[in-house]
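Undergrad: Input structure: input-v9.csv, which contains CSV, C-alpha atoms and all ligand atoms.
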chain,number,residue,atom,x,y,z
W,9,MET,CA,-0.7,63.6,30.6
W,10,MET,CA,-0.7,63.6,34.4
W,11,ILE,CA,-3.6,62.9,36.6
W,12,PRO,CA,-3.1,64.2,40.1
W,13,THR,CA,-3.4,61.6,42.9
W,14,GLU,CA,-3.5,62.2,46.6
W,15,PRO,CA,-4.1,60.2,49.8
W,16,ILE,CA,-6.8,61.2,52.3
W,17,GLY,CA,-4.8,61.1,55.5
W,18,SER,CA,-4.4,58.3,57.9
W,19,ILE,CA,-2.1,55.2,57.8
W,20,PRO,CA,-2.5,52.5,60.5
W,21,ARG,CA,-0.1,53.3,63.3
W,22,PRO,CA,2.6,50.8,64.2
W,23,LEU,CA,1.1,48.3,66.8
W,24,ARG,CA,3.8,49.3,69.3
W,25,LEU,CA,2.6,52.9,69.2
W,26,VAL,CA,-1.1,51.9,69.4
W,27,GLU,CA,-0.3,49.8,72.5
W,28,ALA,CA,1.8,52.5,74.1
W,29,ILE,CA,-1.0,55.1,73.6
W,30,ALA,CA,-3.5,52.7,75.2
W,31,ALA,CA,-1.2,52.1,78.2
W,32,ARG,CA,-0.4,55.8,78.8
W,33,HIS,CA,-1.8,59.1,77.9
W,34,GLY,CA,-1.5,60.1,74.3
W,35,ASP,CA,0.3,63.3,75.2
W,36,ASP,CA,2.8,61.6,77.5
W,37,PRO,CA,6.3,62.9,76.6
W,38,ALA,CA,7.6,59.3,76.9
W,39,LEU,CA,5.7,58.6,73.7
W,40,MET,CA,7.5,61.3,71.7
W,41,PRO,CA,10.3,59.0,70.3
W,42,LEU,CA,7.6,56.5,69.2
W,43,TYR,CA,5.6,59.2,67.4
W,44,GLU,CA,8.8,60.5,65.8
W,45,GLU,CA,9.8,57.0,64.6
W,46,ALA,CA,6.2,56.3,63.3
W,47,VAL,CA,6.2,59.6,61.3
W,48,ARG,CA,9.7,59.0,59.9
W,49,ASP,CA,8.8,55.4,58.8
W,50,THR,CA,5.4,56.4,57.4
W,51,ILE,CA,6.9,59.1,55.3
W,52,GLU,CA,9.7,56.9,54.0
W,53,ARG,CA,7.3,54.2,53.0
W,54,PHE,CA,4.9,56.7,51.5
W,55,GLU,CA,7.6,58.2,49.4
W,56,ALA,CA,8.6,54.7,48.3
W,57,THR,CA,5.2,54.2,46.7
W,58,GLY,CA,5.9,57.1,44.3
W,59,SER,CA,3.1,59.1,45.7
W,60,PRO,CA,3.5,62.7,44.4
W,61,VAL,CA,1.8,64.1,47.5
W,62,ILE,CA,1.9,62.4,51.0
W,63,THR,CA,0.7,62.9,54.5
W,64,ASP,CA,2.2,62.0,57.9
W,65,GLY,CA,-0.3,59.2,58.1
W,66,GLU,CA,-1.9,61.1,61.1
W,67,GLN,CA,0.5,59.2,63.3
W,68,ARG,CA,0.2,61.9,66.0
W,69,LYS,CA,-3.6,62.2,65.9
W,70,TYR,CA,-3.7,59.8,68.8
W,71,HIS,CA,-7.5,59.7,69.2
W,72,ASN,CA,-8.9,60.3,65.7
W,73,PHE,CA,-9.3,62.7,62.8
W,74,TRP,CA,-12.3,64.3,64.5
W,75,THR,CA,-11.3,65.3,68.0
W,76,TYR,CA,-7.5,65.6,67.7
W,77,CYS,CA,-7.7,69.4,68.3
W,78,VAL,CA,-9.9,69.3,71.4
W,79,GLU,CA,-8.7,66.1,73.2
W,80,GLY,CA,-7.7,67.1,76.8
W,81,LEU,CA,-9.6,70.4,77.0
W,82,PRO,CA,-10.8,71.0,80.6
W,83,ASN,CA,-14.1,72.3,79.4
W,84,THR,CA,-15.3,69.1,77.8
W,85,ALA,CA,-17.0,65.9,78.9
W,86,PRO,CA,-16.7,62.5,77.2
W,87,ASP,CA,-20.5,62.0,76.7
W,88,GLY,CA,-21.1,63.9,73.5
W,89,PHE,CA,-22.6,63.2,70.1
W,90,LYS,CA,-22.7,59.6,69.0
W,91,ILE,CA,-21.8,58.0,65.6
W,92,PRO,CA,-23.1,54.4,65.2
W,93,PHE,CA,-21.1,52.3,62.7
W,94,SER,CA,-22.5,49.4,60.7
W,95,ALA,CA,-20.1,47.0,62.5
W,96,GLY,CA,-22.1,47.6,65.6
W,97,HIS,CA,-19.9,50.0,67.6
W,98,VAL,CA,-20.3,53.6,68.5
W,99,ARG,CA,-17.8,56.5,68.4
W,100,ARG,CA,-18.4,59.5,70.5
W,101,MET,CA,-17.6,63.2,70.3
W,102,LEU,CA,-16.6,65.3,73.3
W,103,ARG,CA,-19.3,67.6,74.8
W,104,LEU,CA,-18.5,71.2,75.5
W,105,THR,CA,-19.3,72.1,79.1
W,106,GLY,CA,-18.4,75.8,79.0
W,107,GLY,CA,-16.8,78.6,77.0
W,108,PRO,CA,-14.7,80.0,75.6
W,109,PHE,CA,-14.0,77.4,72.9
W,110,ARG,CA,-10.3,77.2,71.9
W,111,TYR,CA,-8.4,74.4,70.2
W,112,LYS,CA,-5.9,72.6,72.4
W,113,ARG,CA,-3.6,71.9,69.4
W,114,TYR,CA,-3.5,72.9,65.7
W,115,ALA,CA,-2.7,70.5,62.9
W,116,ASP,CA,0.2,72.5,61.7
W,117,SER,CA,2.1,71.1,64.7
W,118,TYR,CA,1.9,67.7,62.9
W,119,LEU,CA,2.8,69.3,59.5
W,120,GLU,CA,5.9,70.8,61.0
W,121,VAL,CA,7.3,67.4,62.0
W,122,ALA,CA,6.3,65.8,58.7
W,123,LEU,CA,8.1,68.5,56.7
W,124,ARG,CA,11.3,67.7,58.5
W,125,PHE,CA,11.3,64.2,57.0
W,126,ALA,CA,9.6,64.7,53.7
W,127,HIS,CA,11.1,65.2,50.2
W,128,VAL,CA,7.8,65.6,48.4
W,129,PRO,CA,4.8,67.9,49.0
W,130,VAL,CA,2.8,67.2,52.2
W,131,LYS,CA,-0.9,67.8,52.5
W,132,GLN,CA,-2.6,68.3,55.9
W,133,ALA,CA,-6.0,67.2,56.9
W,134,VAL,CA,-8.0,69.3,59.4
W,135,ILE,CA,-11.5,68.7,60.9
W,136,SER,CA,-14.4,70.7,59.6
W,137,PRO,CA,-16.2,73.4,61.7
W,138,SER,CA,-19.5,71.4,61.1
W,139,ALA,CA,-18.0,68.3,62.8
W,140,LEU,CA,-16.8,70.3,65.8
W,141,SER,CA,-20.1,72.2,66.0
W,142,LEU,CA,-21.6,68.9,67.2
W,143,MET,CA,-19.7,69.5,70.5
W,144,TYR,CA,-22.1,72.1,71.5
W,145,PRO,CA,-24.9,70.5,73.6
W,146,PRO,CA,-28.6,70.7,72.6
W,147,VAL,CA,-29.4,72.8,75.7
W,148,GLU,CA,-27.6,76.2,75.7
W,149,ILE,CA,-24.6,76.5,77.9
W,150,ARG,CA,-25.2,79.3,80.5
W,151,GLY,CA,-23.2,82.4,79.8
W,152,TYR,CA,-21.9,81.0,76.5
W,153,PRO,CA,-24.6,81.1,73.8
W,154,ARG,CA,-24.3,79.0,70.7
W,155,GLU,CA,-23.6,82.1,68.5
W,156,ARG,CA,-20.5,82.9,70.5
W,157,PHE,CA,-19.4,79.3,70.3
W,158,ILE,CA,-19.8,79.5,66.5
W,159,ASP,CA,-17.7,82.7,66.3
W,160,ASP,CA,-14.9,81.1,68.4
W,161,LEU,CA,-15.1,77.9,66.3
W,162,LEU,CA,-14.8,79.7,63.0
W,163,HIS,CA,-11.9,81.8,64.3
W,164,GLU,CA,-10.0,78.7,65.5
W,165,HIS,CA,-10.6,76.8,62.3
W,166,GLU,CA,-9.5,79.7,60.1
W,167,ARG,CA,-6.4,80.1,62.3
W,168,GLU,CA,-5.5,76.4,61.9
W,169,ILE,CA,-5.8,76.4,58.1
W,170,ARG,CA,-3.8,79.7,57.8
W,171,ARG,CA,-1.1,78.2,60.0
W,172,CYS,CA,-0.9,75.1,57.8
W,173,LEU,CA,-0.8,77.1,54.5
W,174,THR,CA,1.8,79.4,55.9
W,175,LYS,CA,4.0,76.6,57.0
W,176,GLY,CA,4.0,75.2,53.5
W,177,ALA,CA,1.2,72.5,53.3
W,178,HIS,CA,0.8,71.4,49.7
W,179,SER,CA,-2.9,71.8,50.4
W,180,VAL,CA,-5.3,71.6,53.4
W,181,GLN,CA,-8.1,69.1,53.3
W,182,VAL,CA,-11.2,69.7,55.4
W,183,ASP,CA,-12.6,66.4,56.6
W,184,PHE,CA,-16.4,66.5,56.2
W,185,THR,CA,-17.4,62.9,56.8
W,186,GLU,CA,-20.5,64.1,58.8
W,187,GLY,CA,-22.0,65.5,55.6
W,188,ARG,CA,-23.5,62.2,54.4
W,189,LEU,CA,-24.3,61.3,58.0
W,190,ALA,CA,-26.3,64.5,58.4
W,191,VAL,CA,-28.8,63.3,55.7
W,192,LYS,CA,-29.2,60.1,57.7
W,193,ILE,CA,-29.9,62.0,61.0
W,194,ASP,CA,-32.2,64.6,59.3
W,195,PRO,CA,-33.7,63.3,56.0
W,196,SER,CA,-35.3,66.7,55.5
W,197,GLY,CA,-31.8,68.1,54.6
W,198,GLY,CA,-32.0,70.8,57.2
W,199,LEU,CA,-29.0,69.7,59.2
W,200,LEU,CA,-26.9,69.2,56.0
W,201,HIS,CA,-27.7,72.7,54.8
W,202,SER,CA,-26.8,74.2,58.2
W,203,PHE,CA,-23.4,72.3,57.9
W,204,ILE,CA,-22.9,73.7,54.4
W,205,ASP,CA,-23.7,77.2,55.5
W,206,LEU,CA,-21.3,77.0,58.5
W,207,ASN,CA,-18.5,75.6,56.4
W,208,ASN,CA,-19.0,78.2,53.8
W,209,MET,CA,-18.8,80.9,56.5
W,210,ALA,CA,-15.3,79.5,57.2
W,211,LEU,CA,-14.3,79.1,53.5
W,212,SER,CA,-15.4,82.6,52.7
W,213,ARG,CA,-12.6,83.9,55.0
W,214,PHE,CA,-10.1,82.8,52.4
W,215,SER,CA,-9.2,84.4,49.0
W,216,ALA,CA,-9.9,82.6,45.8
W,217,GLU,CA,-6.2,82.0,45.5
W,218,GLU,CA,-6.1,80.4,49.0
W,219,ARG,CA,-9.2,78.3,48.3
W,220,ARG,CA,-7.3,76.6,45.4
W,221,ARG,CA,-5.2,75.0,48.1
W,222,ILE,CA,-8.2,74.0,50.2
W,223,GLY,CA,-10.2,70.8,49.6
W,224,VAL,CA,-13.1,69.0,51.2
W,225,HIS,CA,-13.3,65.3,51.8
W,226,THR,CA,-16.6,63.4,52.0
W,227,CYS,CA,-17.1,59.7,52.6
W,228,PRO,CA,-19.6,57.4,54.4
W,229,GLY,CA,-17.2,56.9,57.3
W,230,SER,CA,-14.5,54.3,57.6
W,231,ASP,CA,-13.8,52.5,60.9
W,232,ARG,CA,-13.2,48.8,61.7
W,233,ASP,CA,-14.0,47.9,58.0
W,234,SER,CA,-17.5,49.5,58.3
W,235,THR,CA,-19.3,52.8,57.5
W,236,HIS,CA,-21.7,55.1,59.3
W,237,SER,CA,-23.8,56.3,56.3
W,238,GLY,CA,-23.1,54.0,53.4
W,239,ASP,CA,-26.8,53.5,53.1
W,240,VAL,CA,-27.5,57.2,52.4
W,241,ASP,CA,-28.0,58.1,48.7
W,242,TYR,CA,-25.2,60.3,47.4
W,243,ALA,CA,-27.8,62.1,45.4
W,244,GLU,CA,-29.0,63.6,48.7
W,245,LEU,CA,-25.5,65.0,49.5
W,246,LEU,CA,-23.6,65.8,46.3
W,247,PRO,CA,-25.6,68.8,45.0
W,248,SER,CA,-25.1,70.6,48.4
W,249,LEU,CA,-21.5,69.5,48.7
W,250,PHE,CA,-20.4,71.3,45.5
W,251,GLU,CA,-21.9,74.5,47.0
W,252,LEU,CA,-18.9,74.6,49.3
W,253,LYS,CA,-16.5,77.3,48.3
W,254,ALA,CA,-13.5,74.9,48.0
W,255,GLY,CA,-11.2,74.3,45.0
W,256,ASN,CA,-10.9,70.5,45.5
W,257,PHE,CA,-13.2,67.7,46.5
W,258,PHE,CA,-12.1,64.2,47.6
W,259,ILE,CA,-15.0,61.9,47.2
W,260,ALA,CA,-15.2,58.3,48.2
W,261,LEU,CA,-16.3,56.3,45.1
W,262,ALA,CA,-14.6,52.9,45.0
W,263,GLY,CA,-17.0,51.5,47.6
W,264,GLU,CA,-20.1,52.7,45.9
W,265,LYS,CA,-22.5,50.1,44.3
W,266,ASP,CA,-23.4,52.2,41.3
W,267,ARG,CA,-20.4,54.4,40.4
W,268,ALA,CA,-21.7,55.5,37.1
W,269,ARG,CA,-24.8,57.0,38.7
W,270,VAL,CA,-22.6,58.9,41.2
W,271,LEU,CA,-20.3,60.1,38.4
W,272,LYS,CA,-23.3,61.5,36.5
W,273,ILE,CA,-24.4,63.5,39.6
W,274,ILE,CA,-20.8,64.8,40.0
W,275,ARG,CA,-20.7,65.8,36.3
W,276,SER,CA,-24.0,67.8,36.7
W,277,GLN,CA,-22.9,69.6,39.9
W,278,LEU,CA,-19.1,70.2,39.5
W,279,LYS,CA,-18.3,73.9,38.9
W,280,SER,CA,-15.6,75.0,36.4
W,281,ASP,CA,-13.2,76.1,39.1
W,282,GLN,CA,-13.4,72.9,41.1
W,283,ARG,CA,-11.4,69.7,40.8
W,284,VAL,CA,-12.8,66.3,41.9
W,285,PHE,CA,-10.5,63.6,43.2
W,286,VAL,CA,-12.5,60.3,43.0
W,287,GLY,CA,-11.8,57.4,45.3
W,288,VAL,CA,-10.3,54.4,43.4
W,289,ILE,CA,-9.2,52.4,46.5
W,290,SER,CA,-11.5,51.1,49.2
W,291,PRO,CA,-9.6,51.1,52.6
W,292,ILE,CA,-12.4,49.0,54.2
W,293,ASP,CA,-12.0,46.3,51.6
W,294,PRO,CA,-9.3,43.9,52.8
W,295,ARG,CA,-8.4,42.9,49.3
W,296,VAL,CA,-5.7,44.9,47.6
W,297,GLU,CA,-6.9,46.3,44.3
W,298,THR,CA,-4.7,45.7,41.2
W,299,PRO,CA,-3.3,48.7,39.2
W,300,GLU,CA,-5.4,47.4,36.2
W,301,GLU,CA,-8.6,47.7,38.3
W,302,VAL,CA,-7.7,51.2,39.3
W,303,ARG,CA,-6.9,52.1,35.7
W,304,GLU,CA,-10.5,50.9,34.7
W,305,ARG,CA,-12.0,53.0,37.5
W,306,VAL,CA,-10.1,56.1,36.4
W,307,LEU,CA,-11.1,55.6,32.8
W,308,GLU,CA,-14.7,55.1,33.9
W,309,ALA,CA,-14.6,58.4,35.8
W,310,ALA,CA,-12.9,60.2,32.8
W,311,ALA,CA,-15.9,59.2,30.7
W,312,TYR,CA,-18.0,61.6,32.8
W,313,ILE,CA,-15.6,64.2,34.2
W,314,PRO,CA,-13.3,66.5,32.1
W,315,VAL,CA,-9.9,65.0,32.6
W,316,GLU,CA,-8.4,68.5,33.5
W,317,GLN,CA,-10.7,68.5,36.5
W,318,LEU,CA,-10.1,64.9,37.5
W,319,GLY,CA,-7.8,63.4,40.1
W,320,THR,CA,-7.8,60.2,42.1
W,321,CYS,CA,-7.6,59.4,45.8
W,322,ASP,CA,-8.3,56.7,48.3
W,323,ASP,CA,-11.9,56.5,49.5
W,324,CYS,CA,-10.9,57.5,53.0
W,325,GLY,CA,-8.0,57.3,55.4
W,326,PHE,CA,-6.8,53.8,56.3
W,327,SER,CA,-7.4,54.2,60.1
W,328,PRO,CA,-9.2,57.5,60.9
W,329,PHE,CA,-9.5,56.3,64.4
W,330,CYS,CA,-6.1,55.6,65.9
W,331,ASP,CA,-7.0,52.3,67.6
W,332,ASP,CA,-8.5,50.7,64.5
W,333,THR,CA,-6.0,47.9,63.6
W,334,THR,CA,-8.2,46.1,61.1
W,335,THR,CA,-5.9,47.1,58.2
W,336,THR,CA,-2.1,46.6,58.4
W,337,ARG,CA,0.4,49.1,57.3
W,338,ASP,CA,1.6,46.7,54.6
W,339,THR,CA,-1.9,46.4,53.1
W,340,ALA,CA,-2.4,50.2,53.2
W,341,PHE,CA,0.8,50.9,51.3
W,342,ALA,CA,0.1,48.1,48.8
W,343,LYS,CA,-3.2,49.7,48.1
W,344,ILE,CA,-1.6,53.1,47.7
W,345,ARG,CA,1.0,51.6,45.3
W,346,SER,CA,-1.9,50.3,43.2
W,347,ARG,CA,-3.5,53.8,43.2
W,348,ILE,CA,-0.3,55.4,42.0
W,349,ALA,CA,0.4,52.8,39.3
W,350,GLY,CA,-3.2,52.5,38.1
W,351,THR,CA,-3.7,56.3,37.9
W,352,ALA,CA,-0.5,56.5,35.8
W,353,LEU,CA,-1.7,53.7,33.5
W,354,ALA,CA,-5.0,55.6,33.0
W,355,ALA,CA,-3.2,58.8,32.2
W,356,ARG,CA,-1.1,57.0,29.6
W,357,ALA,CA,-4.3,55.5,28.0
W,358,LEU,CA,-6.0,58.9,28.0
W,359,GLY,CA,-2.9,60.6,26.6
W,360,GLY,CA,-3.1,58.4,23.6
W,361,ASP,CA,0.3,56.7,23.8
W,401,ZN,ZN,-13.2,59.6,55.0
Here is the file; what I need is its structure written in the form of structure tokens.

TA:
Amino acid sequence: MMIPTEPIGSIPRPLRLVEAIAARHGDDPALMPLYEEAVRDTIERFEATGSPVITDGEQRKYHNFWTYCVEGLPNTAPDGFKIPFSAGHVRRMLRLTGGPFRYKRYADSYLEVALRFAHVPVKQAVISPSALSLMYPPVEIRGYPRERFIDDLLHEHEREIRRCLTKGAHSVQVDFTEGRLAVKIDPSGGLLHSFIDLNNMALSRFSAEERRRIGVHTCPGSDRDSTHSGDVDYAELLPSLFELKAGNFFIALAGEKDRARVLKIIRSQLKSDQRVFVGVISPIDPRVETPEEVRERVLEAAAYIPVEQLGTCDDCGFSPFCDDTTTTRDTAFAKIRSRIAGTALAARALGGD
């Protein structure tokens, strides 16, 4: 028996690269050899863990998982939407100042480089339309109403996913970290439902066959060993999450206090054509989990979720924000090795031999 296991996305960048990005502009051509070396090294180390699916570690997302596609656009300002983290710091979104809305870069440009180095399937993470919708200011932009922005946004997002699928991504993962945050901002659930509707408008543009290669990631955020919405009850999010027309769900679980309760909710909401990858590694916990711990977490999940619909993942990327150096590359890969080994141990136990 095989239980699929996948990473979420980011691996801490080499410190040399982080320092070079801070000293210059992230798009400076002088940085290209450093990016190239970082991607090559990340993929080599990823493959050495035995991971059946890898990523490029988001080495070229030089700001973060959220704004990589819009950094540097002339029609933006830096004072956009704020995300406060429990460590006390705040991350900000760009604010759109005028239309039309177009991406500055598409994630398939990262995938293309990764595929040059990789010997195993590569997945590609992209940001959700709902996260980017937070760029539109509360007061309407003159001459560029919100409806036109949403049209443009959906078009750009669809285009990015299609380009990734066409270029040979194993799968495309839509990062939806703002889902749980939405419940915190608006406890009535109105904002969350508007996010679900928007993302479903995007997912509906794909065939059932294509959606089998599309997944959605949810988590309480992960930056500088802290979260933005860890205090929000998953019960407020998960029923809506599984309304999304995606084939795969990557759900942070290792860091939850009451995993059994979350697994019961997942069991009651998961549809027959959906697969759930549960988080068995916590990137914001500095301690490296053992394979045996991972094995127990998988077996716990298998007690609730049909094993043919179960997979494992990390709770989140290891540095969704490029300048987050709280986790080392060595620790990230050690944790990934435990995920791979522990998932295999669980598969063996469940297979009965
Ligand atoms: Zn995450």

Undergrad: Using all atoms listed in the file, can you list as JSON, numbers by chain the residues within 12 Å of (-15.0, 65.7, 81.7)?

TA: {"W": [79, 80, 81, 82, 83, 84, 85, 86, 87, 88, 101, 102, 103, 104, 105, 106]}

Undergrad: List as a ChimeraX atom specification: which residues have an atom within 12 Å of (4.4, 63.7, 72.9), counting only C-alpha atoms?

TA: /W:25,28-29,32-45,67-70,113,117-118,121

Undergrad: Restricting the calculation to only C-alpha atoms and all ligand atoms: of W:Ile135, W:Ala355, W:Ala190, W:Leu271, which residue gets closest to ligand ZN 401 (chain W)?

TA: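 Ranking W:Ile135, W:Ala355, W:Ala190, W:Leu271 by distance to ligand ZN 401 (chain W), first place goes to W:Ile135.
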
Undergrad: Of the residues W:Gly107, W:His163, W:Gln317, W:Ala126, which is the one nearest to Met143 of chain W, using all atoms listed in the file?

TA: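 Among the listed residues, the smallest separation from Met143 of chain W belongs to W:Gly107.
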
Undergrad: Quick one: everything within 12 Å of Ala115 of chain W, counting all atoms listed in the file, minus sequence neighbours fewer than 6 positions away in the same chain. Send it as a ChimeraX atom specification.

TA: /W:63-64,66-69,73-78,121-122,131-135,164-173,175,177,180-182

Undergrad: Could you write out that same residue set with C-alpha atoms as a PDB file, in the coordinates of the input?

TA:
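File written: result-v8.pdb
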ATOM      1  CA  THR W  63       0.700  62.900  54.500  1.00  0.00           C
ATOM      2  CA  ASP W  64       2.200  62.000  57.900  1.00  0.00           C
ATOM      3  CA  GLU W  66      -1.900  61.100  61.100  1.00  0.00           C
ATOM      4  CA  GLN W  67       0.500  59.200  63.300  1.00  0.00           C
ATOM      5  CA  ARG W  68       0.200  61.900  66.000  1.00  0.00           C
ATOM      6  CA  LYS W  69      -3.600  62.200  65.900  1.00  0.00           C
ATOM      7  CA  PHE W  73      -9.300  62.700  62.800  1.00  0.00           C
ATOM      8  CA  TRP W  74     -12.300  64.300  64.500  1.00  0.00           C
ATOM      9  CA  THR W  75     -11.300  65.300  68.000  1.00  0.00           C
ATOM     10  CA  TYR W  76      -7.500  65.600  67.700  1.00  0.00           C
ATOM     11  CA  CYS W  77      -7.700  69.400  68.300  1.00  0.00           C
ATOM     12  CA  VAL W  78      -9.900  69.300  71.400  1.00  0.00           C
ATOM     13  CA  VAL W 121       7.300  67.400  62.000  1.00  0.00           C
ATOM     14  CA  ALA W 122       6.300  65.800  58.700  1.00  0.00           C
ATOM     15  CA  LYS W 131      -0.900  67.800  52.500  1.00  0.00           C
ATOM     16  CA  GLN W 132      -2.600  68.300  55.900  1.00  0.00           C
ATOM     17  CA  ALA W 133      -6.000  67.200  56.900  1.00  0.00           C
ATOM     18  CA  VAL W 134      -8.000  69.300  59.400  1.00  0.00           C
ATOM     19  CA  ILE W 135     -11.500  68.700  60.900  1.00  0.00           C
ATOM     20  CA  GLU W 164     -10.000  78.700  65.500  1.00  0.00           C
ATOM     21  CA  HIS W 165     -10.600  76.800  62.300  1.00  0.00           C
ATOM     22  CA  GLU W 166      -9.500  79.700  60.100  1.00  0.00           C
ATOM     23  CA  ARG W 167      -6.400  80.100  62.300  1.00  0.00           C
ATOM     24  CA  GLU W 168      -5.500  76.400  61.900  1.00  0.00           C
ATOM     25  CA  ILE W 169      -5.800  76.400  58.100  1.00  0.00           C
ATOM     26  CA  ARG W 170      -3.800  79.700  57.800  1.00  0.00           C
ATOM     27  CA  ARG W 171      -1.100  78.200  60.000  1.00  0.00           C
ATOM     28  CA  CYS W 172      -0.900  75.100  57.800  1.00  0.00           C
ATOM     29  CA  LEU W 173      -0.800  77.100  54.500  1.00  0.00           C
ATOM     30  CA  LYS W 175       4.000  76.600  57.000  1.00  0.00           C
ATOM     31  CA  ALA W 177       1.200  72.500  53.300  1.00  0.00           C
ATOM     32  CA  VAL W 180      -5.300  71.600  53.400  1.00  0.00           C
ATOM     33  CA  GLN W 181      -8.100  69.100  53.300  1.00  0.00           C
ATOM     34  CA  VAL W 182     -11.200  69.700  55.400  1.00  0.00           C
TER      35      VAL W 182
END

Undergrad: Using all atoms listed in the file, which of the listed residues (W:Asp159, W:Arg150, W:Ser234, W:Gly187) sits closest to Gly96 of chain W?

TA: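 Ranking W:Asp159, W:Arg150, W:Ser234, W:Gly187 by distance to Gly96 of chain W, first place goes to W:Ser234.
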
Undergrad: Please extract the residues at most 10 Å from ligand ZN 401 (chain W), counting only C-alpha atoms and all ligand atoms, and provide them as a list in words, using the chain letters and residue numbers of this document.

TA: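 Using only C-alpha atoms and all ligand atoms, everything at most 10 Å from ligand ZN 401 (chain W) comes to Ile16, Gly17, Ser18, Phe73, Asp183, Phe184, Thr185, Glu186, His225, Thr226, Cys227, Pro228, Gly229, Ser230, Asp231, Thr235, Phe258, Ile259, Ala260, Pro291, Asp322, Asp323, Cys324, Gly325, Phe326, Ser327 and Pro328 of chain W.
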
Undergrad: Just how far from atom CA of Asp331 of chain W is atom CA of Leu261 of chain W, in Å to one decimal?

TA: 24.7 Å

Undergrad: Looking at W:Phe341, W:Phe329, W:Tyr111, W:Phe203, which one is nearest to Ser136 of chain W, with distances taken over only C-alpha atoms?

TA: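 For Ser136 of chain W, the nearest of the given residues is W:Phe203.
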
Undergrad: Could you state the separation of atom CA of Val315 of chain W and atom CA of Arg275 of chain W in Å, given to one decimal place?

TA: 11.4 Å

Undergrad: What is the atom CA of His236 of chain W-atom CA of Thr339 of chain W distance in Å, reported with one decimal?

TA: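 Pair atom CA of His236 of chain W / atom CA of Thr339 of chain W returns 22.5 Å.
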
Undergrad: For a quick check of understanding, using only C-alpha atoms, which of W:Arg232, W:Arg154, W:Arg269, W:Arg213 has the smallest distance to Ala254 of chain W?

TA: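 Closest to Ala254 of chain W of all the choices is W:Arg213.
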
Undergrad: Using all atoms listed in the file, find the one residue out of W:Pro195, W:Pro137, W:Pro153, W:Gly263 that sits nearest to Asn207 of chain W.

TA: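 Checking each of W:Pro195, W:Pro137, W:Pro153, W:Gly263 against Asn207 of chain W, counting all atoms listed in the file, the winner is W:Pro137.
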